[in-house]
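Participant: Below is the file entry-v6.cif, which contains mmCIF, C-alpha atoms and all ligand atoms.
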```
data_my_file
#
loop_
_atom_site.label_atom_id
_atom_site.label_comp_id
_atom_site.auth_asym_id
_atom_site.auth_seq_id
_atom_site.Cartn_x
_atom_site.Cartn_y
_atom_site.Cartn_z
CA MET A 20 139.43 -178.75 25.06
CA PHE A 21 136.41 -177.65 27.05
CA VAL A 22 134.83 -176.22 23.94
CA ARG A 23 135.52 -179.39 22.00
CA LEU A 24 134.13 -181.59 24.73
CA SER A 25 130.95 -179.57 25.14
CA ALA A 26 130.44 -179.52 21.37
CA VAL A 27 130.62 -183.30 21.43
CA LEU A 28 128.18 -183.41 24.33
CA VAL A 29 125.74 -181.23 22.45
CA ALA A 30 126.11 -183.42 19.37
CA ILE A 31 125.34 -186.45 21.51
CA ALA A 32 122.46 -184.77 23.28
CA LEU A 33 120.98 -183.55 20.01
CA SER A 34 121.29 -186.89 18.31
CA THR A 35 120.07 -189.12 21.09
CA GLY A 36 117.80 -186.88 23.10
CA PRO A 37 117.77 -186.90 26.89
CA ALA A 38 120.55 -189.00 28.40
CA GLY A 39 119.43 -192.42 29.43
CA ALA A 40 116.48 -192.26 27.10
CA GLU A 41 118.16 -193.06 23.85
CA GLY A 42 115.72 -193.04 20.98
CA ALA A 43 113.04 -191.55 23.20
CA LYS A 44 111.00 -188.90 21.48
CA LEU A 45 111.31 -185.37 22.80
CA THR A 46 108.11 -183.99 24.25
CA ASP A 47 106.58 -180.69 23.13
CA PRO A 48 107.49 -178.95 26.43
CA GLN A 49 111.11 -180.07 25.92
CA ILE A 50 111.12 -179.03 22.26
CA ALA A 51 109.75 -175.60 23.15
CA HIS A 52 112.48 -175.25 25.79
CA ILE A 53 115.25 -176.18 23.37
CA ALA A 54 114.02 -173.81 20.64
CA TYR A 55 113.58 -170.95 23.11
CA THR A 56 116.99 -171.56 24.69
CA ALA A 57 118.67 -171.62 21.28
CA GLY A 58 117.22 -168.16 20.62
CA VAL A 59 118.21 -166.73 24.00
CA LEU A 60 121.78 -167.96 23.55
CA ASP A 61 122.12 -166.33 20.16
CA VAL A 62 120.76 -163.04 21.52
CA ALA A 63 123.39 -163.18 24.31
CA ALA A 64 126.14 -163.79 21.74
CA ALA A 65 124.83 -160.86 19.67
CA LYS A 66 124.80 -158.53 22.69
CA GLN A 67 128.42 -159.45 23.34
CA ALA A 68 129.17 -158.57 19.70
CA LEU A 69 127.45 -155.20 20.06
CA LEU A 70 129.77 -154.42 22.98
CA LYS A 71 132.97 -155.81 21.48
CA SER A 72 132.91 -155.34 17.73
CA ASN A 73 134.06 -152.23 15.88
CA SER A 74 132.78 -153.44 12.53
CA LYS A 75 129.64 -151.75 11.28
CA GLU A 76 128.64 -154.85 9.34
CA VAL A 77 129.19 -157.21 12.27
CA LYS A 78 127.21 -154.92 14.59
CA GLN A 79 124.40 -154.68 12.05
CA PHE A 80 124.31 -158.47 11.82
CA ALA A 81 124.23 -158.72 15.63
CA GLU A 82 121.32 -156.26 15.75
CA ASP A 83 119.47 -158.38 13.20
CA MET A 84 120.02 -161.46 15.38
CA VAL A 85 118.68 -159.71 18.50
CA ARG A 86 115.61 -158.43 16.66
CA ASP A 87 114.74 -161.70 14.89
CA HIS A 88 115.40 -164.12 17.74
CA GLU A 89 113.49 -161.94 20.19
CA ALA A 90 110.55 -161.76 17.75
CA VAL A 91 110.52 -165.54 17.24
CA ASN A 92 110.87 -166.21 20.96
CA LYS A 93 108.02 -163.84 21.72
CA GLN A 94 105.88 -165.86 19.32
CA ALA A 95 107.05 -169.06 21.01
CA LEU A 96 106.12 -167.70 24.44
CA ASP A 97 102.70 -166.61 23.18
CA LEU A 98 102.15 -170.08 21.76
CA VAL A 99 103.15 -172.05 24.87
CA LYS A 100 100.92 -169.77 26.91
CA LYS A 101 98.03 -170.36 24.54
CA LEU A 102 98.62 -174.13 24.59
CA ASN A 103 99.07 -174.06 28.35
CA VAL A 104 102.44 -175.76 28.01
CA THR A 105 105.31 -175.16 30.43
CA PRO A 106 108.68 -175.42 28.65
CA GLN A 107 110.71 -178.16 30.30
CA ASP A 108 114.45 -178.00 30.79
CA ASN A 109 116.32 -181.01 29.46
CA ASP A 110 119.79 -182.33 28.64
CA THR A 111 119.82 -180.87 25.14
CA SER A 112 119.01 -177.37 26.45
CA LYS A 113 121.66 -177.79 29.15
CA ALA A 114 124.30 -178.93 26.66
CA LEU A 115 123.49 -176.02 24.32
CA SER A 116 123.79 -173.55 27.20
CA LYS A 117 127.09 -175.04 28.36
CA GLN A 118 128.51 -174.90 24.85
CA ALA A 119 127.40 -171.27 24.42
CA ALA A 120 128.80 -170.24 27.82
CA ASP A 121 132.19 -171.71 26.90
CA LYS A 122 132.14 -169.93 23.55
CA TYR A 123 131.14 -166.66 25.22
CA GLU A 124 134.17 -166.90 27.52
CA GLN A 125 136.47 -167.79 24.66
CA LEU A 126 135.25 -164.86 22.53
CA ALA A 127 135.51 -162.49 25.51
CA LYS A 128 139.30 -162.90 25.34
CA LEU A 129 139.48 -161.81 21.69
CA SER A 130 139.31 -158.33 20.19
CA GLY A 131 139.34 -156.52 16.85
CA ALA A 132 139.41 -158.59 13.68
CA ALA A 133 140.08 -161.81 15.61
CA TYR A 134 136.91 -161.29 17.62
CA ASP A 135 134.82 -160.46 14.53
CA LYS A 136 136.06 -163.57 12.77
CA GLY A 137 135.46 -165.73 15.85
CA TYR A 138 131.95 -164.40 16.38
CA ILE A 139 130.82 -164.72 12.77
CA GLU A 140 132.34 -168.16 12.32
CA ASN A 141 130.61 -169.33 15.46
CA GLU A 142 127.34 -167.84 14.20
CA ILE A 143 127.65 -169.94 11.04
CA ALA A 144 128.47 -173.09 13.04
CA TYR A 145 125.79 -172.41 15.67
CA HIS A 146 123.00 -171.79 13.16
CA LYS A 147 124.08 -174.91 11.24
CA GLN A 148 123.89 -176.95 14.42
CA VAL A 149 120.51 -175.58 15.51
CA ASN A 150 119.08 -175.89 11.99
CA GLY A 151 120.27 -179.49 11.84
CA ALA A 152 118.56 -180.23 15.15
CA LEU A 153 115.36 -178.50 14.00
CA GLU A 154 115.27 -180.43 10.74
CA THR A 155 116.18 -183.88 11.97
CA GLN A 156 114.86 -183.89 15.51
CA LEU A 157 112.72 -181.05 16.81
CA ILE A 158 110.33 -180.62 13.86
CA PRO A 159 109.77 -184.38 13.30
CA SER A 160 109.21 -184.88 17.05
CA ALA A 161 106.78 -182.00 17.59
CA SER A 162 103.23 -183.24 18.19
CA ASN A 163 101.30 -179.99 18.20
CA ALA A 164 100.67 -178.64 14.70
CA GLU A 165 101.08 -174.99 15.72
CA LEU A 166 104.38 -175.72 17.45
CA LYS A 167 105.54 -177.63 14.38
CA GLY A 168 104.53 -174.69 12.17
CA LEU A 169 106.42 -172.21 14.34
CA LEU A 170 109.53 -174.41 14.26
CA GLN A 171 109.28 -174.69 10.48
CA THR A 172 109.12 -170.92 10.06
CA GLY A 173 111.92 -170.60 12.62
CA LEU A 174 114.03 -172.99 10.57
CA LYS A 175 113.62 -170.83 7.45
CA ILE A 176 114.52 -167.68 9.40
CA PHE A 177 117.61 -169.33 10.91
CA GLN A 178 118.66 -170.74 7.53
CA GLY A 179 118.49 -167.13 6.38
CA HIS A 180 120.73 -166.12 9.29
CA GLU A 181 123.22 -168.82 8.36
CA GLN A 182 123.45 -167.45 4.81
CA HIS A 183 123.60 -163.88 6.11
CA ALA A 184 126.48 -164.85 8.41
CA GLU A 185 128.26 -166.48 5.47
CA HIS A 186 127.95 -163.21 3.51
CA VAL A 187 129.40 -161.25 6.45
CA ALA A 188 132.24 -163.78 6.83
CA ALA A 189 133.07 -163.39 3.13
CA ASP A 190 133.13 -159.58 3.51
CA LEU A 191 135.48 -159.81 6.51
CA LYS A 192 138.10 -161.59 4.39
CA MET B 22 84.82 -132.14 -47.09
CA LEU B 23 83.57 -132.16 -43.59
CA VAL B 24 83.66 -135.95 -43.47
CA ALA B 25 87.09 -135.98 -44.98
CA ARG B 26 88.36 -133.62 -42.34
CA THR B 27 86.70 -135.34 -39.42
CA LEU B 28 87.92 -138.83 -40.21
CA PRO B 29 91.63 -138.10 -39.90
CA ILE B 30 90.94 -136.32 -36.63
CA MET B 31 89.02 -139.29 -35.31
CA THR B 32 91.79 -141.60 -36.45
CA ALA B 33 94.33 -139.41 -34.77
CA MET B 34 92.29 -139.44 -31.56
CA ALA B 35 91.96 -143.20 -31.69
CA LEU B 36 95.69 -143.57 -32.20
CA LEU B 37 96.37 -141.20 -29.37
CA ALA B 38 94.12 -143.22 -27.10
CA MET B 39 95.97 -146.39 -28.01
CA THR B 40 99.44 -145.01 -27.42
CA ALA B 41 98.63 -142.96 -24.34
CA PRO B 42 100.26 -144.45 -21.23
CA SER B 43 97.85 -146.58 -19.25
CA PRO B 44 97.32 -145.37 -15.68
CA ALA B 45 99.99 -146.58 -13.26
CA ALA B 46 99.08 -149.78 -11.45
CA THR B 47 99.88 -151.03 -7.97
CA ILE B 48 101.21 -154.56 -7.82
CA THR B 49 101.11 -156.38 -4.50
CA ILE B 50 103.70 -158.97 -3.48
CA VAL B 51 103.31 -160.92 -0.24
CA MET B 52 106.10 -162.14 2.04
CA GLN B 53 104.87 -164.82 4.39
CA ASN B 54 106.82 -167.53 6.19
CA LEU B 55 109.87 -166.26 4.28
CA VAL B 56 108.26 -167.03 0.92
CA ILE B 57 107.83 -164.27 -1.68
CA THR B 58 104.62 -164.62 -3.70
CA PRO B 59 104.55 -164.19 -6.61
CA ALA B 60 108.26 -164.78 -7.03
CA GLU B 61 108.23 -163.29 -10.52
CA VAL B 62 106.46 -160.05 -11.24
CA SER B 63 106.33 -157.90 -14.34
CA ALA B 64 105.55 -154.19 -14.02
CA LYS B 65 105.60 -151.09 -16.21
CA VAL B 66 107.66 -147.99 -15.58
CA GLY B 67 105.61 -145.80 -13.25
CA ASP B 68 103.88 -148.69 -11.47
CA THR B 69 104.02 -149.07 -7.71
CA ILE B 70 105.26 -152.30 -6.18
CA GLU B 71 103.84 -152.93 -2.74
CA TRP B 72 105.40 -155.61 -0.56
CA VAL B 73 103.21 -156.84 2.28
CA ASN B 74 105.26 -158.47 5.05
CA LYS B 75 103.09 -160.88 7.05
CA ASP B 76 105.98 -162.21 9.13
CA VAL B 77 107.01 -161.30 12.70
CA VAL B 78 110.50 -160.49 11.45
CA ALA B 79 111.52 -157.59 9.21
CA HIS B 80 112.56 -158.26 5.63
CA THR B 81 114.03 -156.14 2.85
CA ALA B 82 113.54 -156.09 -0.91
CA THR B 83 117.08 -155.45 -2.11
CA ALA B 84 118.27 -155.50 -5.71
CA GLN B 85 121.03 -158.08 -6.15
CA GLN B 86 123.11 -155.73 -8.31
CA GLY B 87 123.69 -152.05 -8.85
CA GLY B 88 121.92 -150.85 -5.72
CA GLU B 89 118.82 -150.15 -7.80
CA PHE B 90 116.58 -150.43 -4.73
CA ASP B 91 116.72 -151.43 -1.06
CA VAL B 92 113.31 -151.25 0.57
CA MET B 93 112.90 -151.89 4.31
CA LEU B 94 109.85 -154.02 5.07
CA PRO B 95 109.11 -153.90 8.80
CA ALA B 96 107.47 -156.90 10.49
CA ASN B 97 103.70 -157.17 9.99
CA LYS B 98 103.88 -154.15 7.69
CA GLY B 99 105.81 -153.79 4.46
CA GLY B 100 106.77 -151.05 2.08
CA SER B 101 106.49 -149.83 -1.47
CA LEU B 102 108.48 -148.58 -4.41
CA VAL B 103 107.63 -146.71 -7.62
CA VAL B 104 109.61 -148.32 -10.43
CA ASN B 105 111.19 -145.79 -12.79
CA THR B 106 113.83 -147.84 -14.54
CA ALA B 107 113.18 -150.61 -17.05
CA GLY B 108 115.11 -153.83 -16.59
CA THR B 109 115.19 -157.21 -14.90
CA PHE B 110 116.00 -156.99 -11.22
CA PRO B 111 116.66 -160.12 -9.21
CA TYR B 112 116.23 -159.13 -5.57
CA PHE B 113 116.61 -160.73 -2.15
CA CYS B 114 116.22 -160.04 1.56
CA ARG B 115 119.43 -158.78 3.16
CA PHE B 116 118.41 -160.28 6.52
CA HIS B 117 117.44 -163.67 5.06
CA PRO B 118 119.30 -164.12 1.78
CA ASN B 119 117.42 -167.39 1.23
CA MET B 120 114.45 -165.20 0.18
CA LYS B 121 114.77 -164.47 -3.53
CA ALA B 122 112.53 -163.18 -6.33
CA THR B 123 112.67 -161.26 -9.60
CA LEU B 124 111.08 -157.98 -10.62
CA THR B 125 110.91 -157.16 -14.32
CA VAL B 126 110.11 -153.60 -15.37
CA VAL B 127 109.12 -152.88 -18.98
CA PRO B 128 109.02 -149.40 -20.56
CU CU C 201 113.94 -161.53 5.37
#
```
Rewrite the coordinates I just gave you, this time as C-alpha cells.
Facilitator:
Amino acid sequence: MFVRLSAVLVAIALSTGPAGAEGAKLTDPQIAHIAYTAGVLDVAAAKQALLKSNSKEVKQFAEDMVRDHEAVNKQALDLVKKLNVTPQDNDTSKALSKQAADKYEQLAKLSGAAYDKGYIENEIAYHKQVNGALETQLIPSASNAELKGLLQTGLKIFQGHEQHAEHVAADLK
Amino acid sequence: MLVARTLPIMTAMALLAMTAPSPAATITIVMQNLVITPAEVSAKVGDTIEWVNKDVVAHTATAQQGGEFDVMLPANKGGSLVVNTAGTFPYFCRFHPNMKATLTVVP
C-alpha cells in the first residue's frame, strides 16, 4: 500500500511539477537535482543488489549501474559547478526518494530468486519512469543548452539500461 | 627470344601485383553520445577495426550471434580488433543494447 501510494505521488509530482505550482516549469537547479537524485537512488539499489544477489548476471548488471550512474552524476556535478548552479531540492526529488526508500525496504525482505526478480523488475520500471520524466518534462523544461545536452545523453544511457534490464529479466526466467 | 621470354615474366609479375593482398588497413569507428558512426562498415580479412569511445561510460562491441567478438571499450578510450573471419556481423553494446551497428568482413 505504501509502495503504491508513493508511486502515485511520484507520478503526480512528475506530471505536475512542484505541488501547488501546477503547470509551473521546473527550473534548471530543480532539474539538476532530480536527475542527480535519480542516479543516486539507482546506485543505492545496485549496491543493495551487490550485497544480496547470488546471480552473476544480476551482480554484473548492478555493477554496470553503479559505474554508469556515477559517471553521469560526476558529469552533472562538474556541469552545475561550471554553471555556478546549486541543485535545488523539490517535491519531485522528494517523491522519488520516498518511493525508492520504500522499494529498498521491500526488497530487503526478499532473497534468492525472488530478490533477483524483484530487483530487476523494479530496475525496468524505475528506468521507464525516469526516462518518461526526462523525455516529457526534464529535457523540455531545461533552459541551459549544456544541461539539456547532458540530459539527452543521460536519456540514451538510461534507455540502454532499461533494455539491458529487460535482457537480464528474460534470462532469469 | 629475349623479348618473348621477358614478356611472360612481366605479365606474371603484373598479375602477381594485382592479386597480392593489399596491406591491412585500420578502420576507425566512433561511439559518441551512444551513437555508433559509421553504423555500417565493410572491412577485409586482416584489417584492424578500432572503436573510439568518446563517452563517459564504457561500451562494448559485441557480436549479436556466435560469440565472434566481444571487445571492451572503456570510457574515453576504446579498443580494437583484427578481423580474421569473413562474414556479416551485427553487433551491439552489452551495457546499452540500444547501440547497434553492423560489421561486414570480406575475404
Ligand atoms: Cu554502451
Participant: Enter the distance from atom CA of Lys101 of chain A to atom CA of His180 of chain A, in Å, rounded to one decimal.
Facilitator: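 Atom-to-atom, atom CA of Lys101 of chain A to atom CA of His180 of chain A, that is 27.7 Å.
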Participant: Please return as a VMD selection string every residue within 12 Å of (117.6, -167.4, 3.6), taking into account only C-alpha atoms and the file's own coordinates.
Facilitator: (chain A and resid 146 172 to 186) or (chain B and resid 54 to 57 80 to 81 113 to 122)
Participant: Between atom CA of Ile139 of chain A and atom CA of His88 of chain A, what is the spacing in Å?
Facilitator: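 Computed distance, atom CA of His88 of chain A to atom CA of Ile139 of chain A, equals 16.2 Å.
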Participant: Could you please determine the separation between atom CA of Thr58 of chain B and atom CA of Gly168 of chain A in Å, to one decimal place?
Facilitator: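 Going from atom CA of Thr58 of chain B over to atom CA of Gly168 of chain A, I get 18.8 Å.
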Participant: Can you pull out every residue within 12 Å of Ala46 of chain B, counting all atoms listed in the file, but drop anything in the same chain fewer than 3 positions away, and send it as a PDB file with C-alpha atoms, keeping the file's coordinate frame?
Facilitator:
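out.pdb, written as the output of this step:
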```
ATOM      1  CA  PRO B  42     100.260-144.450 -21.230  1.00  0.00           C
ATOM      2  CA  SER B  43      97.850-146.580 -19.250  1.00  0.00           C
ATOM      3  CA  THR B  49     101.110-156.380  -4.500  1.00  0.00           C
ATOM      4  CA  SER B  63     106.330-157.900 -14.340  1.00  0.00           C
ATOM      5  CA  ALA B  64     105.550-154.190 -14.020  1.00  0.00           C
ATOM      6  CA  LYS B  65     105.600-151.090 -16.210  1.00  0.00           C
ATOM      7  CA  VAL B  66     107.660-147.990 -15.580  1.00  0.00           C
ATOM      8  CA  GLY B  67     105.610-145.800 -13.250  1.00  0.00           C
ATOM      9  CA  ASP B  68     103.880-148.690 -11.470  1.00  0.00           C
ATOM     10  CA  THR B  69     104.020-149.070  -7.710  1.00  0.00           C
ATOM     11  CA  ILE B  70     105.260-152.300  -6.180  1.00  0.00           C
ATOM     12  CA  GLU B  71     103.840-152.930  -2.740  1.00  0.00           C
ATOM     13  CA  LEU B 102     108.480-148.580  -4.410  1.00  0.00           C
ATOM     14  CA  VAL B 103     107.630-146.710  -7.620  1.00  0.00           C
ATOM     15  CA  VAL B 104     109.610-148.320 -10.430  1.00  0.00           C
TER      16      VAL B 104
END
```
Participant: Which residue, A:Ala161, A:Ala188, A:Ala119, A:Met84, has the smallest gap to ligand CU 201 (chain C) when you use only C-alpha atoms and all ligand atoms?
Facilitator: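 Answer, going by the shortest atom-to-atom distance: A:Met84.
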Participant: Between A:Phe80, A:Asp87, A:Ala152, A:Gln49, which is the closest to ligand CU 201 (chain C) once you count all atoms listed in the file?
Facilitator: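 The shortest atom-to-atom distance to ligand CU 201 (chain C) comes from A:Asp87.
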